[in-house]
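Asks: Just so it is clear, I am handing over entry32.txt, which has compact mmCIF, C-alpha atoms.
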```txt
# COMPACT_ATOMS: atom_id res chain seq x y z
CA MET O 1 -6.28 -65.33 96.45
CA ARG O 2 -3.00 -63.71 95.39
CA SER O 3 -1.23 -65.27 92.38
CA SER O 4 2.42 -66.24 92.44
CA PRO O 5 5.01 -64.68 90.11
CA LEU O 6 5.21 -67.99 88.28
CA ASP O 7 1.48 -67.91 87.60
CA ASP O 8 1.70 -64.33 86.34
CA ALA O 9 4.44 -65.30 83.92
CA MET O 10 2.61 -68.40 82.63
CA TYR O 11 -0.87 -66.89 82.58
CA PRO O 12 -0.60 -63.09 82.05
CA SER O 13 -3.61 -61.06 83.03
CA ASP O 14 -5.73 -59.20 80.51
CA SER O 15 -4.59 -55.85 81.88
CA SER O 16 -0.88 -56.59 81.26
CA THR O 17 -1.64 -57.85 77.75
CA ASP O 18 -3.67 -54.74 76.94
CA SER O 19 -0.86 -52.55 78.26
CA LYS O 20 1.70 -54.24 76.02
CA GLN O 21 -0.57 -53.92 72.98
CA ALA O 22 -1.15 -50.25 73.74
CA LYS O 23 2.58 -49.61 73.99
CA LYS O 24 3.19 -51.48 70.72
CA SER O 25 0.47 -49.52 68.97
CA SER O 26 1.84 -46.27 70.31
CA SER O 27 5.38 -47.07 69.15
CA LEU O 28 4.15 -48.03 65.67
CA HIS O 29 2.20 -44.81 65.40
CA TYR O 30 5.28 -42.82 66.42
CA TYR O 31 7.48 -44.74 63.96
CA TYR O 32 5.25 -44.13 60.94
CA PHE O 33 3.91 -40.67 61.67
CA CYS O 34 6.64 -39.06 63.79
CA PRO O 35 9.97 -40.10 62.24
CA GLN O 36 13.02 -38.98 64.14
CA LYS O 37 15.16 -38.47 61.03
CA THR O 38 14.14 -36.14 58.19
CA LEU O 39 15.79 -35.70 54.80
CA ARG O 40 17.65 -32.40 54.70
CA LEU O 41 19.59 -30.95 51.80
CA PRO O 42 23.05 -29.63 52.59
CA THR O 43 23.47 -25.89 52.88
CA PHE O 44 24.69 -23.90 49.89
CA TYR O 45 27.94 -23.06 51.70
CA ASN O 46 30.12 -25.31 53.84
CA GLN O 47 31.64 -24.28 57.17
CA GLN O 48 34.50 -22.49 55.39
CA GLY O 49 32.06 -20.44 53.33
CA THR O 50 32.70 -22.20 50.01
CA THR O 51 29.85 -23.35 47.77
CA ARG O 52 29.44 -27.09 48.07
CA PRO O 53 30.13 -29.30 45.00
CA PHE O 54 26.60 -30.68 45.51
CA TYR O 55 25.36 -27.39 44.03
CA LEU O 56 28.37 -26.18 42.05
CA PHE O 57 28.78 -29.19 39.75
CA PRO O 58 25.12 -29.34 38.58
CA LEU O 59 25.30 -25.58 37.98
CA PHE O 60 28.36 -26.13 35.79
CA LEU O 61 26.48 -28.84 33.89
CA LEU O 62 23.47 -26.60 33.19
CA ILE O 63 25.72 -23.77 32.03
CA ASN O 64 27.60 -26.17 29.76
CA ILE O 65 24.37 -27.42 28.21
CA ILE O 66 22.95 -23.97 27.53
CA THR O 67 26.18 -22.56 26.08
CA MET O 68 26.48 -25.58 23.78
CA ALA O 69 22.86 -25.12 22.72
CA ASP O 70 23.67 -21.52 21.80
CA ARG O 71 26.39 -22.75 19.45
CA ALA O 72 23.96 -24.98 17.56
CA ILE O 73 21.18 -22.50 16.82
CA ILE O 74 22.71 -21.26 13.56
CA PRO O 75 23.49 -24.75 12.16
CA GLY O 76 20.03 -25.92 13.21
CA ALA O 77 18.34 -23.07 11.32
CA SER O 78 20.77 -22.65 8.44
CA GLN O 79 18.14 -21.94 5.77
CA GLU O 80 16.61 -19.07 7.73
CA PHE O 81 20.02 -17.58 8.46
CA LEU O 82 21.01 -17.86 4.81
CA ALA O 83 17.94 -15.83 3.88
CA PHE O 84 18.82 -13.23 6.52
CA LEU O 85 22.45 -12.93 5.41
CA GLY O 86 21.46 -12.47 1.78
CA GLY O 87 19.08 -9.63 2.64
CA ALA O 88 20.78 -7.85 5.56
CA LEU O 89 21.32 -4.12 4.98
CA ASP O 90 25.05 -4.11 5.73
CA SER O 91 26.05 -7.52 4.38
CA PRO O 92 29.22 -7.25 2.28
CA ALA O 93 29.02 -8.17 -1.38
CA VAL O 94 30.64 -11.55 -0.87
CA VAL O 95 27.96 -12.47 1.65
CA LYS O 96 25.07 -11.12 -0.45
CA ASN O 97 26.26 -13.02 -3.48
CA ASN O 98 27.07 -16.17 -1.53
CA PRO O 99 25.17 -16.43 1.78
CA ASP O 100 26.82 -19.78 2.44
CA ALA O 101 30.11 -17.90 2.81
CA GLY O 102 28.45 -15.62 5.34
CA LEU O 103 27.31 -18.62 7.33
CA GLY O 104 30.87 -19.89 7.38
CA ILE O 105 32.15 -16.47 8.44
CA LEU O 106 29.75 -16.44 11.40
CA GLN O 107 30.92 -19.82 12.60
CA ALA O 108 34.55 -18.88 12.04
CA ALA O 109 34.09 -15.65 14.02
CA PHE O 110 32.80 -17.64 16.97
CA MET O 111 35.73 -20.06 16.84
CA ILE O 112 38.31 -17.27 16.42
CA GLY O 113 36.95 -15.47 19.46
CA TYR O 114 36.86 -18.72 21.41
CA THR O 115 40.41 -19.70 20.43
CA LEU O 116 41.98 -16.37 21.35
CA ALA O 117 40.02 -16.01 24.57
CA ILE O 118 40.76 -19.52 25.80
CA ILE O 119 44.49 -18.78 25.61
CA LEU O 120 44.07 -15.54 27.55
CA SER O 121 41.72 -17.16 30.06
CA GLY O 122 44.18 -19.99 30.66
CA HIS O 123 46.81 -17.38 31.49
CA TYR O 124 44.75 -15.05 33.68
CA VAL O 125 43.11 -17.84 35.67
CA HIS O 126 46.47 -18.06 37.47
CA LYS O 127 46.54 -14.30 38.05
CA ILE O 128 43.03 -13.55 39.28
CA LYS O 129 40.33 -15.49 41.11
CA TRP O 130 38.31 -17.85 38.95
CA LYS O 131 34.83 -16.80 40.12
CA PRO O 132 35.03 -13.15 38.88
CA LEU O 133 36.69 -14.32 35.65
CA VAL O 134 33.95 -16.83 34.86
CA PHE O 135 31.11 -14.59 36.02
CA PHE O 136 32.33 -11.73 33.86
CA GLY O 137 32.62 -14.08 30.89
CA LEU O 138 29.11 -15.42 31.40
CA CYS O 139 27.69 -11.90 31.61
CA VAL O 140 29.40 -11.01 28.31
CA TRP O 141 28.09 -14.27 26.84
CA TRP O 142 24.57 -13.31 27.92
CA LEU O 143 24.91 -9.91 26.24
CA GLY O 144 26.27 -11.61 23.11
CA VAL O 145 23.24 -13.88 22.95
CA LEU O 146 20.98 -10.85 23.36
CA GLY O 147 22.86 -9.07 20.57
CA SER O 148 22.45 -12.11 18.31
CA GLY O 149 18.69 -11.80 18.64
CA ASN O 150 18.80 -8.04 18.11
CA ALA O 151 20.68 -8.52 14.83
CA LYS O 152 17.41 -9.49 13.17
CA GLN O 153 15.67 -6.39 14.52
CA TYR O 154 18.46 -4.18 13.16
CA ASN O 155 18.72 -6.29 9.98
CA SER O 156 22.49 -6.15 10.46
CA PHE O 157 25.10 -8.72 9.50
CA TYR O 158 27.79 -7.07 11.60
CA VAL O 159 25.69 -6.99 14.75
CA LEU O 160 25.25 -10.75 14.40
CA LEU O 161 28.94 -11.24 13.54
CA PHE O 162 30.33 -9.41 16.56
CA SER O 163 27.69 -10.88 18.86
CA ARG O 164 28.72 -14.39 17.86
CA MET O 165 32.37 -13.50 18.37
CA ALA O 166 31.53 -12.15 21.85
CA THR O 167 29.81 -15.39 22.84
CA GLY O 168 32.88 -17.35 21.78
CA CYS O 169 35.25 -15.09 23.72
CA SER O 170 33.20 -15.19 26.90
CA GLU O 171 32.45 -18.92 26.79
CA ALA O 172 36.16 -19.69 26.84
CA ALA O 173 36.64 -18.55 30.47
CA PHE O 174 34.05 -21.04 31.69
CA GLN O 175 35.49 -23.94 29.70
CA VAL O 176 38.98 -23.25 31.04
CA VAL O 177 37.93 -23.24 34.70
CA ALA O 178 35.16 -25.85 35.05
CA PRO O 179 36.94 -29.16 34.19
CA PRO O 180 40.05 -28.67 36.39
CA LEU O 181 37.90 -27.34 39.22
CA ILE O 182 35.73 -30.46 39.07
CA GLN O 183 38.88 -32.60 39.00
CA ASP O 184 40.19 -30.78 42.06
CA ARG O 185 37.01 -30.76 44.16
CA ALA O 186 35.29 -34.04 43.30
CA GLY O 187 37.81 -36.32 45.04
CA LYS O 188 37.24 -40.01 44.31
CA ARG O 189 34.26 -39.16 42.10
CA ALA O 190 36.20 -36.82 39.83
CA GLY O 191 35.91 -39.14 36.83
CA PHE O 192 32.18 -39.50 37.32
CA TRP O 193 31.54 -35.76 37.58
CA LEU O 194 33.84 -34.98 34.64
CA SER O 195 31.94 -37.45 32.47
CA ILE O 196 28.64 -35.87 33.54
CA PHE O 197 29.99 -32.41 32.75
CA LEU O 198 31.33 -33.43 29.35
CA MET O 199 28.01 -35.12 28.58
CA GLY O 200 26.59 -31.60 28.46
CA LEU O 201 28.51 -30.91 25.24
CA PRO O 202 26.73 -33.37 22.88
CA LEU O 203 23.50 -32.99 24.82
CA GLY O 204 23.55 -29.21 24.50
CA LEU O 205 24.42 -29.34 20.80
CA SER O 206 21.60 -31.80 20.14
CA VAL O 207 19.13 -29.62 22.01
CA GLY O 208 20.39 -26.55 20.14
CA TYR O 209 19.90 -28.11 16.70
CA ILE O 210 16.31 -29.05 17.49
CA TYR O 211 15.55 -25.83 19.36
CA GLY O 212 17.02 -23.56 16.68
CA SER O 213 15.22 -25.37 13.86
CA HIS O 214 11.90 -25.32 15.69
CA MET O 215 12.08 -21.64 16.63
CA ALA O 216 13.29 -20.51 13.21
CA THR O 217 10.45 -22.24 11.36
CA SER O 218 7.79 -21.19 13.88
CA GLU O 219 5.15 -18.81 12.54
CA LEU O 220 4.82 -17.26 15.98
CA TRP O 221 8.44 -16.69 16.93
CA GLY O 222 11.51 -16.80 14.65
CA TRP O 223 15.24 -17.37 15.10
CA ASP O 224 15.67 -14.07 16.95
CA TRP O 225 13.37 -15.35 19.68
CA ALA O 226 15.50 -18.47 19.95
CA TYR O 227 18.16 -16.16 21.38
CA TYR O 228 15.72 -14.09 23.43
CA TRP O 229 14.28 -17.15 25.15
CA MET O 230 17.78 -18.38 25.79
CA CYS O 231 18.55 -15.09 27.53
CA ILE O 232 15.43 -15.48 29.67
CA GLY O 233 16.20 -19.12 30.51
CA SER O 234 19.86 -18.52 31.36
CA PHE O 235 19.32 -15.45 33.54
CA PRO O 236 18.44 -17.48 36.69
CA LEU O 237 21.70 -19.42 36.25
CA LEU O 238 23.64 -16.14 36.26
CA VAL O 239 21.82 -15.04 39.40
CA VAL O 240 22.68 -18.31 41.18
CA PHE O 241 26.27 -18.12 39.97
CA ALA O 242 26.56 -14.63 41.46
CA PHE O 243 26.16 -16.20 44.91
CA VAL O 244 28.87 -18.83 44.34
CA ARG O 245 31.77 -18.42 46.76
CA ASP O 246 35.17 -20.08 46.95
CA VAL O 247 37.42 -19.04 49.83
CA THR O 248 40.24 -21.25 48.53
CA ASN O 249 40.95 -19.62 45.20
CA GLY O 250 37.61 -18.22 44.11
```
Render the structure in this file as C-alpha cells.
Replies:
Amino acid sequence: MRSSPLDDAMYPSDSSTDSKQAKKSSSLHYYYFCPQKTLRLPTFYNQQGTTRPFYLFPLFLLINIITMADRAIIPGASQEFLAFLGGALDSPAVVKNNPDAGLGILQAAFMIGYTLAIILSGHYVHKIKWKPLVFFGLCVWWLGVLGSGNAKQYNSFYVLLFSRMATGCSEAAFQVVAPPLIQDRAGKRAGFWLSIFLMGLPLGLSVGYIYGSHMATSELWGWDWAYYWMCIGSFPLLVVFAFVRDVTNG
C-alpha cells in the first residue's frame, strides 16, 4: 500500500533518515578536514611593487635592536676593554696611563660620527632615494662591527677607534629614515608601530650589556667574538634588506 505525503512527513522511512545522516556526516568531514579557507601570508611586494609594511616594519625593528646592542658591548664589558686599551701596541700615552680616558674616547668617537652623519643623512635623504642610502649605511655599519672585532687581533687602539666611529656614521642613516617612514606608511597604526620601533632602543641596549659582558668573560670566546657573532647574525638582515623595494620614493 502506497503511503501518503503526510505519512512520509510524520513517519520518515529509515532510508530517508540514513540519507540525511550520511549527508550530515559527509559535510562535517568536509568542514573539519577540507577547509575552504587557508591562512596565507601576504606577498613581500604589493601590486605596485613596494615592500609591504607587514615585512618592512619588523625588519626595521630587528635592525634597531641589533644596532643598539652593538652600542652596548663596550659598556657591558668595560673591564676587558680597559685591559685591552692599556696594552694595545699603538695606544697613545694618555690612554696607556689612563685606560678610562681611552674608554671615553671610544664612546665619544661613536657619538661624534653619529652626530655628524645624522645631519648629512637628514640632508641627503631629500636628494637621493632612501633605500640605497640606508643600505649603504648598514653595509658600512657591518664592516665597522667586523673591524671592531679585528682590533683585538691587530692589538690596535686606532683600528677599534675608527671602527666605532664608522658604526656611528653608518647607523645615522637608518635612524633618520625609519621613524618618518613608519609614520608615513602605517596609517592609523602609526603610533603603535612607532612605539614598537622605539622599544627596540632600550631592548637592544639591555641585550647588548648582557651579551657583551657574557662574551667578554667567556673562556671560549672573548669580546672580539661578540662583534664577530653580531656580524654573522646581522648578515641575513642585510640580505633581506637588499630585496626591499619602494616605488614611491625608495
Asks: As an exercise, work out the distance from atom CA of O:Ala242 to atom CA of O:Tyr211 in Å and give it to one decimal place.
Replies: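 According to the coordinates, atom CA of O:Ala242 and atom CA of O:Tyr211 are separated by 27.1 Å.
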Asks: Name all residues at most 10 Å from O:Leu62 (count only C-alpha atoms; drop same-chain ones fewer than 2 positions away) and give them as an NGL selection string.
Replies: :O and (57-60 or 64-68 or 197 or 200 or 204 or 234 or 237)
Asks: Would you mind exporting the chosen residues as a compact mmCIF listing (two decimals), in the coordinates of the input, restricted to C-alpha atoms?
Replies:
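After the write, result25.txt holds the following:
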```
# COMPACT_ATOMS: atom_id res chain seq x y z
CA PHE O 57 28.78 -29.19 39.75
CA PRO O 58 25.12 -29.34 38.58
CA LEU O 59 25.30 -25.58 37.98
CA PHE O 60 28.36 -26.13 35.79
CA ASN O 64 27.60 -26.17 29.76
CA ILE O 65 24.37 -27.42 28.21
CA ILE O 66 22.95 -23.97 27.53
CA THR O 67 26.18 -22.56 26.08
CA MET O 68 26.48 -25.58 23.78
CA PHE O 197 29.99 -32.41 32.75
CA GLY O 200 26.59 -31.60 28.46
CA GLY O 204 23.55 -29.21 24.50
CA SER O 234 19.86 -18.52 31.36
CA LEU O 237 21.70 -19.42 36.25
```
Asks: Which of these, O:Ile128, O:Ala166, O:Ala173, O:Ala190, has the shortest distance to O:Val145 once you count all atoms listed in the file?
Replies: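 Closest residue, counting all atoms listed in the file: O:Ala166.
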Asks: When you count only C-alpha atoms, which of these residues is closest to O:Tyr124: O:Glu171, O:Tyr158, O:Gly86, O:Val176?
Replies: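 The shortest atom-to-atom distance to O:Tyr124 comes from O:Val176.
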Asks: For a quick check of understanding, using all atoms listed in the file, which of O:Gly168, O:Phe192, O:Ala69, O:Trp221 has the smallest distance to O:Ile118?
Replies: O:Gly168
Asks: Just give me the gap between atom CA of O:Tyr227 and atom CA of O:Phe135 in Å, one decimal is fine.
Replies: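 Atom CA of O:Phe135 lies at a distance of 19.6 Å from atom CA of O:Tyr227.
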Asks: Would you kindly return, as a PyMOL selection string, each protein, DNA or RNA residue with an atom no farther than 12 Å from any atom of O:Asn97, considering all atoms listed in the file and excluding same-chain residues fewer than 6 positions away?
Replies: chain O and resi 82-83+85-88+91
Asks: From the set O:Pro99, O:Pro53, O:Gly76, O:Pro202, which residue has the shortest atom-to-atom contact distance to O:Arg189, counting all atoms listed in the file?
Replies: O:Pro53
Asks: Choose the residue, out of O:Ile63, O:Leu120, O:Ala101, O:Val125, that has the smallest atom-to-atom separation from O:Phe235; count only C-alpha atoms.
Replies: O:Ile63
Asks: Any idea what the distance is between atom CA of O:Glu80 and atom CA of O:Lys96?
Replies: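 About the pair atom CA of O:Glu80 and atom CA of O:Lys96: they are 14.2 Å apart.
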Asks: Under the rule that only C-alpha atoms are counted, which of O:Gly208, O:Pro179, O:Gly187, O:Gly113 is the nearest residue to O:Leu61?
Replies: O:Pro179
Asks: Is it possible to get the residues within 8 Å of (29.8, -17.1, 24.1) (coordinates as in the file, counting all atoms listed in the file) written as a CSV table (one decimal) with C-alpha atoms, in the coordinates of the input?
Replies:
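See point-v1.csv below for the written result:
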```csv
chain,number,residue,atom,x,y,z
O,67,THR,CA,26.2,-22.6,26.1
O,70,ASP,CA,23.7,-21.5,21.8
O,110,PHE,CA,32.8,-17.6,17.0
O,114,TYR,CA,36.9,-18.7,21.4
O,137,GLY,CA,32.6,-14.1,30.9
O,138,LEU,CA,29.1,-15.4,31.4
O,140,VAL,CA,29.4,-11.0,28.3
O,141,TRP,CA,28.1,-14.3,26.8
O,142,TRP,CA,24.6,-13.3,27.9
O,144,GLY,CA,26.3,-11.6,23.1
O,145,VAL,CA,23.2,-13.9,23.0
O,164,ARG,CA,28.7,-14.4,17.9
O,165,MET,CA,32.4,-13.5,18.4
O,166,ALA,CA,31.5,-12.2,21.8
O,167,THR,CA,29.8,-15.4,22.8
O,168,GLY,CA,32.9,-17.4,21.8
O,169,CYS,CA,35.2,-15.1,23.7
O,170,SER,CA,33.2,-15.2,26.9
O,171,GLU,CA,32.4,-18.9,26.8
O,172,ALA,CA,36.2,-19.7,26.8
```
